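**Q** The following block contains the structure, expressed as structure tokens.
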Number of protein chains: 2
Amino acid sequence: MPSARSALPAWQKLAEHHRAQSRLHLRELFARDPRRFGKFSLALDGMLLDYSKQRVTEETMRLLADLARACELEAWRARMLAGERINQTEDRAVLHVALRAGAAVRVEGRDVTRDVAAVLADMRRFARGVRAGRTRGASGRAFTDVVNLGIGGSDLGPRLACDALKHCSRSGPRAHFVSNVDGAAITDTLERLTPATTLVVISSKTFSTQETLANARTARAWLQRKLKDKAARHLCAVTAEPERARAFGVPADRIFRTWDWVGGRYSLCSAVGLPVALAIGMEHFDGLRAGARAMDEHFARAPLEKNLPVVMGLLEVWNVNFLGCGARAVLPYDERLRWLPAYLQQLEMESCGKSVTREGERAGYATAPVTWGSAGTDGQHAYFQWLHQGAAVVPADFIACCQPHHRLRGHHQALLANFFAQTEALASGMNPEEAAAGMRAQRLPEATARALLPHRVFDGNRPTSSILLDALTPRALGALIALYEHKVFVQSVIWNVNAFDQWGVELGKSLAGRILPELVSHAPVAGHDSSTNGLINHYKARRQRRKA
Amino acid sequence: MPSARSALPAWQKLAEHHRAQSRLHLRELFARDPRRFGKFSLALDGMLLDYSKQRVTEETMRLLADLARACELEAWRARMLAGERINQTEDRAVLHVALRAGAAVRVEGRDVTRDVAAVLADMRRFARGVRAGRTRGASGRAFTDVVNLGIGGSDLGPRLACDALKHCSRSGPRAHFVSNVDGAAITDTLERLTPATTLVVISSKTFSTQETLANARTARAWLQRKLKDKAARHLCAVTAEPERARAFGVPADRIFRTWDWVGGRYSLCSAVGLPVALAIGMEHFDGLRAGARAMDEHFARAPLEKNLPVVMGLLEVWNVNFLGCGARAVLPYDERLRWLPAYLQQLEMESCGKSVTREGERAGYATAPVTWGSAGTDGQHAYFQWLHQGAAVVPADFIACCQPHHRLRGHHQALLANFFAQTEALASGMNPEEAAAGMRAQRLPEATARALLPHRVFDGNRPTSSILLDALTPRALGALIALYEHKVFVQSVIWNVNAFDQWGVELGKSLAGRILPELVSHAPVAGHDSSTNGLINHYKARRQRRKA
């Protein structure tokens, strides 16, 4: 098989198919086939995926499934689920599914689900103790606040889940998240808290992440100023390097293990989810894991054409590589899912933001688009102008819940009315005749209406998918996260990139390591390009001005 | 002049120039000219703009300035500043600069700066009264919390400024922001507050924004439950429709005016900034306005080649229309500027997210790219993989402050080391020889190193601009915001689009108005496309399931 998948006949057939039908408008597709919604939507438990507003026909979906088969998607899926070392550049297995598996998963003969179960049991005991007020701080007071120190995959998942599920729990400590090394982040968080009632979770797979360790040292000093040598009782750690956590001063029974076969951006169901267990409750964290497991099982078994993550992954390939879309908006019409765009941004862009195939050849085709967005309806008053009338066509995932978790029914109806209206408007648009009729109804003078007309036309034909959840339960959130995890995997197989490494972050890290001592020193720097020299020297001059 | 500016000879010259020099690498440009940083950086007050890491030469900048002149940028700038009705589709002047002007600005003979001064005086009196505890709530208690109800331009500006400047004030009420119509937003905010000490600001230019009015009704009911008929003393309004605010129950002396010549996304320096005056202090709001004024004056007077907003706007045109970039990242290496990407997303994408020229012709070239990003260093652990090794080249604005506003000096040095390192890494990359040498130094086995090599190479040549502020003062923030406002204006002139209307949001609004009563009713819907029908009926079935 060619390393660059664009050389496959199945890819070429899609390109031809696109040329033949590129002028089709979604309006026409809906007009032609009244059963379009039924044909292009899928349901699983409390989740509905409607992709009938994507620019596809039955032929498109058939050709996309052919491409998936030509790329051996089913074999790759089997290899991942069997614990093979498919992260070949790091020589690691990829087993986030083992974190929530219902049956044994063996890595070189060892059933890793036993290790998982042992850590979960520790988390359960610890979280229950903290939530019940049995496990207390150094001065005998219950923990009222948990501060998670982590960044990237050790931050975004628990941040999303704690925010999304806060209506599930009225008891338990409040969760806070500090990721940025900017001292403003840790300062602003700690100044609102009391050391005696604060538990600090240091979450770093390597226990050497620069940002997280800097924040951990600052938090430890803050605890020590009040609690002296008992500060250690306020620390816990989530890491694959327990020795380093111990050396930092975390008590051995407060260290929760992760493993090298779980990538950071896939790790929410591991001990990285500890803040969820603490703030929302272990039973809800278990619910989240159960939802993810249900999606894993669907992904593993459902035929490609009826497989939600497969269909979503293939639609993105269609949009990116054939329609030429360079971005995809994630638009949760739910305030509680406001961290989802940032979470998916990492999951998708770090996984597939690569231009070299597994075999090390230049792919030559587009891979991950920009994933971005925010909670609706806010975006409607910000960037929806661009989505509707901008020069680029950018697809979007709209996500909402049928049942709200608050009592303001009128608000929820208004929210959902906007949700439905936006996907309808993006698909159908408004042609010149309709725009003119609208202005006649508004009784605009004819000359004004004529001048305004081109500005009031909407091309439409802008593709969206809609995901409706019955309600934002832990189970639904777990399924939603696993849906996107597997969607990304599908894309990585089609694009033939390794979704599980991230070499692209190394150069910046090593250069920062070189620059840091240059900032500490007072001497001007000269060893970089003139821009970097100039910026560093400007900074050094300006930061010193303050002392004068 | 042709309506589509791509037909201009100046545009064609840039296209030729791009073809001739498209293979140039930033490494080579820096190696060739040791004075590159000096040539491609500009300073203004406490702000440094370094654009030497953009893929430009002196010839590029000359040709871009020629394009600006061919598009009559200077004449358009003069027309805007003179109060002409350059928002022609809405027949309005565009005078956000009048909100902070040092001299009279006349609209049809009337000096609007007098109106501005009168509103500012009211804001000053009110904000001082609230902050000093003289202006109190219905039960005689001082206001401890201000809740701003607004969305889009009535939300993002004050949200950004209150967050960015909170270190300027230790006294005064806390500011909260509710924008989303999702009932979770207002519920979560109000449940932490006490009606007797809460002031509610209803911010809506038309006083008819659906989301804001829904939240205002819910907040008013919440106040009334405790304060009965005295609830009105806890309401104020920011609007161009004072009669509607009065009808809603806002006392006349608590209504602060805006005008139709200020667009929402350009309105921070108007009464829309009331939460800033209340939470941070009027003197700091005045500082922000003074900073914006300084940038306005620079924009009005500096020659194009030395004009910061002009240079930034032209660089974006270069990146979008000649290098083909479809997105631009905004990366503030400052936690306090974490709302800046969302703020600029609206400013840029709503202003230039258009594909039709002022004359109503299809432009045919790319306009506003996706603006997205988040506070550094978080992004390094999320999507920087994609920025460094993704298939698309996406430019970025890096923004940082030399002086921190906290005492954690080590954190700030680590933050800035990353800032400098990232722009260096994006520009220079790491070629195969360097990557191989790095792996030899790590003593990797030769076969492993050979297989890894293509994954560890960085192409570099990824353009960035760096903005260094001396410190995050109100003045610096005001200048930064005005910098981007005028940058957007420059782009709109080159692209020949109206930056001040937003017709693209109308269709969704009118469809939502049609759908809302369909959601209230129990009958199934059938009047839309099958997708929209299907989604609405699914929602209606599922929301009812709960009652069973």
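Residue names in the structure tokens use chain letters A, B, ... in the order shown, residue numbers from 1 in each chain, and ligand numbers from 1 in the order shown.
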Kindly determine which residues of chain B lie within 6 Å of chain A, considering only C-alpha atoms, and give the answer as a ChimeraX atom specification.
**A** /B:37,152,180-183,346,349-350,353-355,360,366,377-378,381-383,385-386,388-391,402-403,408,411-412,415,417-418,421-422,425,454,456,503-505,508,511-512,515-516,530-531,539,543
**Q** Report, in Å to a single decimal, how far apart CA of Met47 in chain B and CA of Ala78 in chain B are.
**A**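 Going from CA of Ala78 in chain B over to CA of Met47 in chain B covers 24.7 Å.
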**Q** One decimal, in Å: what's the spacing between CA of Leu274 in chain A and CA of Phe500 in chain A?
**A**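 Separating CA of Leu274 in chain A from CA of Phe500 in chain A is a distance of 22.7 Å.
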**Q** Please provide as a count of residues only all residues within 6 Å of Ser204 in chain A, with the sequence filter that same-chain residues fewer than 2 positions apart are discarded (counting only C-alpha atoms).
**A** 3
**Q** Within 10 Å of range 279-292 of chain B, counting only C-alpha atoms, which residues show up once you throw out same-chain ones fewer than 6 positions away? Write them as number ranges by chain, please.
**A** B: 45, 97, 99-102, 120-121, 123-128, 130-131, 144-146, 161-163, 165-176, 268-270, 273, 298, 473-483, 485
**Q** Enumerate as a PDB file with N, CA, C and O atoms, in the first residue's frame all residues of range 41-200 of chain A assigned to strand (DSSP E or B) by DSSP on the backbone, naming them with the chain letters and numbers the document uses.
**A**
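Done, and the output landed in result14.pdb:
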ATOM      1  N   SER A  41     -28.535   9.501   9.591  1.00  0.00           N
ATOM      2  CA  SER A  41     -28.443   9.748  11.032  1.00  0.00           C
ATOM      3  C   SER A  41     -28.305   8.408  11.736  1.00  0.00           C
ATOM      4  O   SER A  41     -28.721   7.379  11.218  1.00  0.00           O
ATOM      5  N   LEU A  42     -27.670   8.424  12.886  1.00  0.00           N
ATOM      6  CA  LEU A  42     -27.401   7.208  13.645  1.00  0.00           C
ATOM      7  C   LEU A  42     -27.680   7.493  15.111  1.00  0.00           C
ATOM      8  O   LEU A  42     -27.442   8.603  15.588  1.00  0.00           O
ATOM      9  N   ALA A  43     -28.156   6.482  15.827  1.00  0.00           N
ATOM     10  CA  ALA A  43     -28.413   6.670  17.256  1.00  0.00           C
ATOM     11  C   ALA A  43     -27.674   5.603  18.047  1.00  0.00           C
ATOM     12  O   ALA A  43     -27.473   4.486  17.577  1.00  0.00           O
ATOM     13  N   LEU A  44     -27.262   5.949  19.248  1.00  0.00           N
ATOM     14  CA  LEU A  44     -26.623   4.986  20.146  1.00  0.00           C
ATOM     15  C   LEU A  44     -26.942   5.433  21.563  1.00  0.00           C
ATOM     16  O   LEU A  44     -26.592   6.545  21.959  1.00  0.00           O
ATOM     17  N   MET A  47     -27.776   9.097  22.450  1.00  0.00           N
ATOM     18  CA  MET A  47     -27.078  10.019  21.540  1.00  0.00           C
ATOM     19  C   MET A  47     -27.616   9.869  20.122  1.00  0.00           C
ATOM     20  O   MET A  47     -27.766   8.759  19.629  1.00  0.00           O
ATOM     21  N   LEU A  48     -27.903  10.997  19.493  1.00  0.00           N
ATOM     22  CA  LEU A  48     -28.291  10.999  18.077  1.00  0.00           C
ATOM     23  C   LEU A  48     -27.244  11.773  17.292  1.00  0.00           C
ATOM     24  O   LEU A  48     -26.892  12.897  17.664  1.00  0.00           O
ATOM     25  N   LEU A  49     -26.735  11.171  16.224  1.00  0.00           N
ATOM     26  CA  LEU A  49     -25.839  11.874  15.309  1.00  0.00           C
ATOM     27  C   LEU A  49     -26.572  12.073  13.990  1.00  0.00           C
ATOM     28  O   LEU A  49     -26.947  11.107  13.324  1.00  0.00           O
ATOM     29  N   ASP A  50     -26.790  13.336  13.617  1.00  0.00           N
ATOM     30  CA  ASP A  50     -27.428  13.648  12.334  1.00  0.00           C
ATOM     31  C   ASP A  50     -26.376  14.239  11.419  1.00  0.00           C
ATOM     32  O   ASP A  50     -25.866  15.331  11.675  1.00  0.00           O
ATOM     33  N   ASN A  87       1.932   2.813  18.440  1.00  0.00           N
ATOM     34  CA  ASN A  87       2.652   4.086  18.521  1.00  0.00           C
ATOM     35  C   ASN A  87       4.116   3.748  18.285  1.00  0.00           C
ATOM     36  O   ASN A  87       4.909   3.597  19.207  1.00  0.00           O
ATOM     37  N   ARG A  92       5.290   2.127  21.773  1.00  0.00           N
ATOM     38  CA  ARG A  92       4.339   1.947  22.861  1.00  0.00           C
ATOM     39  C   ARG A  92       3.008   1.423  22.347  1.00  0.00           C
ATOM     40  O   ARG A  92       2.569   1.755  21.255  1.00  0.00           O
ATOM     41  N   ARG A 106      -4.364  -7.598  27.274  1.00  0.00           N
ATOM     42  CA  ARG A 106      -3.009  -8.037  27.581  1.00  0.00           C
ATOM     43  C   ARG A 106      -1.971  -7.233  26.824  1.00  0.00           C
ATOM     44  O   ARG A 106      -2.092  -7.008  25.634  1.00  0.00           O
ATOM     45  N   VAL A 107      -0.938  -6.788  27.536  1.00  0.00           N
ATOM     46  CA  VAL A 107       0.230  -6.183  26.912  1.00  0.00           C
ATOM     47  C   VAL A 107       1.396  -7.094  27.253  1.00  0.00           C
ATOM     48  O   VAL A 107       1.757  -7.228  28.421  1.00  0.00           O
ATOM     49  N   ARG A 110       0.650  -9.580  30.014  1.00  0.00           N
ATOM     50  CA  ARG A 110       0.156  -9.079  31.295  1.00  0.00           C
ATOM     51  C   ARG A 110      -1.203  -8.409  31.102  1.00  0.00           C
ATOM     52  O   ARG A 110      -1.368  -7.569  30.234  1.00  0.00           O
ATOM     53  N   ASP A 111      -2.173  -8.768  31.935  1.00  0.00           N
ATOM     54  CA  ASP A 111      -3.498  -8.157  31.840  1.00  0.00           C
ATOM     55  C   ASP A 111      -3.459  -6.792  32.541  1.00  0.00           C
ATOM     56  O   ASP A 111      -3.499  -6.706  33.772  1.00  0.00           O
ATOM     57  N   ARG A 136      -8.784  13.962  56.140  1.00  0.00           N
ATOM     58  CA  ARG A 136      -8.736  15.397  56.413  1.00  0.00           C
ATOM     59  C   ARG A 136      -7.344  15.973  56.254  1.00  0.00           C
ATOM     60  O   ARG A 136      -6.374  15.252  56.105  1.00  0.00           O
ATOM     61  N   ALA A 142     -11.754  19.252  57.178  1.00  0.00           N
ATOM     62  CA  ALA A 142     -12.070  18.580  55.907  1.00  0.00           C
ATOM     63  C   ALA A 142     -11.582  19.431  54.740  1.00  0.00           C
ATOM     64  O   ALA A 142     -11.454  20.657  54.848  1.00  0.00           O
ATOM     65  N   ASP A 145     -11.480  22.348  49.054  1.00  0.00           N
ATOM     66  CA  ASP A 145     -11.028  22.727  47.711  1.00  0.00           C
ATOM     67  C   ASP A 145      -9.934  21.791  47.219  1.00  0.00           C
ATOM     68  O   ASP A 145      -9.052  21.414  47.985  1.00  0.00           O
ATOM     69  N   VAL A 146     -10.006  21.450  45.957  1.00  0.00           N
ATOM     70  CA  VAL A 146      -8.966  20.656  45.310  1.00  0.00           C
ATOM     71  C   VAL A 146      -8.381  21.500  44.190  1.00  0.00           C
ATOM     72  O   VAL A 146      -9.120  22.058  43.371  1.00  0.00           O
ATOM     73  N   VAL A 147      -7.054  21.608  44.149  1.00  0.00           N
ATOM     74  CA  VAL A 147      -6.396  22.351  43.074  1.00  0.00           C
ATOM     75  C   VAL A 147      -5.637  21.351  42.214  1.00  0.00           C
ATOM     76  O   VAL A 147      -4.725  20.680  42.697  1.00  0.00           O
ATOM     77  N   ASN A 148      -6.016  21.229  40.968  1.00  0.00           N
ATOM     78  CA  ASN A 148      -5.307  20.340  40.054  1.00  0.00           C
ATOM     79  C   ASN A 148      -4.204  21.113  39.345  1.00  0.00           C
ATOM     80  O   ASN A 148      -4.469  22.118  38.674  1.00  0.00           O
ATOM     81  N   LEU A 149      -2.985  20.659  39.494  1.00  0.00           N
ATOM     82  CA  LEU A 149      -1.853  21.245  38.784  1.00  0.00           C
ATOM     83  C   LEU A 149      -1.463  20.279  37.663  1.00  0.00           C
ATOM     84  O   LEU A 149      -0.992  19.178  37.929  1.00  0.00           O
ATOM     85  N   ARG A 174     -14.692  21.836  46.033  1.00  0.00           N
ATOM     86  CA  ARG A 174     -14.688  22.545  44.747  1.00  0.00           C
ATOM     87  C   ARG A 174     -13.377  22.241  44.020  1.00  0.00           C
ATOM     88  O   ARG A 174     -12.321  22.140  44.653  1.00  0.00           O
ATOM     89  N   ALA A 175     -13.459  22.128  42.705  1.00  0.00           N
ATOM     90  CA  ALA A 175     -12.244  21.851  41.922  1.00  0.00           C
ATOM     91  C   ALA A 175     -11.725  23.135  41.276  1.00  0.00           C
ATOM     92  O   ALA A 175     -12.505  23.942  40.772  1.00  0.00           O
ATOM     93  N   HIS A 176     -10.416  23.333  41.314  1.00  0.00           N
ATOM     94  CA  HIS A 176      -9.751  24.462  40.648  1.00  0.00           C
ATOM     95  C   HIS A 176      -8.652  23.892  39.765  1.00  0.00           C
ATOM     96  O   HIS A 176      -8.066  22.872  40.098  1.00  0.00           O
ATOM     97  N   PHE A 177      -8.367  24.599  38.683  1.00  0.00           N
ATOM     98  CA  PHE A 177      -7.379  24.086  37.729  1.00  0.00           C
ATOM     99  C   PHE A 177      -6.349  25.155  37.420  1.00  0.00           C
ATOM    100  O   PHE A 177      -6.698  26.271  37.056  1.00  0.00           O
ATOM    101  N   VAL A 178      -5.094  24.802  37.586  1.00  0.00           N
ATOM    102  CA  VAL A 178      -4.005  25.715  37.246  1.00  0.00           C
ATOM    103  C   VAL A 178      -3.100  24.985  36.264  1.00  0.00           C
ATOM    104  O   VAL A 178      -2.567  23.924  36.572  1.00  0.00           O
ATOM    105  N   THR A 198      -7.186  22.822  51.751  1.00  0.00           N
ATOM    106  CA  THR A 198      -6.910  22.677  50.316  1.00  0.00           C
ATOM    107  C   THR A 198      -6.048  21.450  50.036  1.00  0.00           C
ATOM    108  O   THR A 198      -5.015  21.244  50.669  1.00  0.00           O
ATOM    109  N   LEU A 199      -6.506  20.670  49.084  1.00  0.00           N
ATOM    110  CA  LEU A 199      -5.767  19.489  48.635  1.00  0.00           C
ATOM    111  C   LEU A 199      -5.203  19.796  47.249  1.00  0.00           C
ATOM    112  O   LEU A 199      -5.918  20.283  46.380  1.00  0.00           O
ATOM    113  N   VAL A 200      -3.909  19.522  47.056  1.00  0.00           N
ATOM    114  CA  VAL A 200      -3.254  19.837  45.784  1.00  0.00           C
ATOM    115  C   VAL A 200      -2.938  18.532  45.044  1.00  0.00           C
ATOM    116  O   VAL A 200      -2.285  17.643  45.597  1.00  0.00           O
TER     117      VAL A 200
END
**Q** As number ranges by chain, please: all residues of range 157-289 of chain A that backbone DSSP puts in alpha helix (DSSP H).
**A** A: 157-164, 183-190, 210-227, 242-248, 274-279, 282-289
**Q** Measure the distance from CA of Glu108 in chain B to CA of Trp76 in chain B in Å and round it to one decimal.
**A**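 According to the coordinates, CA of Glu108 in chain B and CA of Trp76 in chain B are separated by 18.0 Å.
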**Q** Point out the residue among B:Arg55, B:Lys205, B:Arg134, B:Arg62 with the least atom-to-atom distance to Lys13 in chain B, counting only C-alpha atoms.
**A** B:Arg62
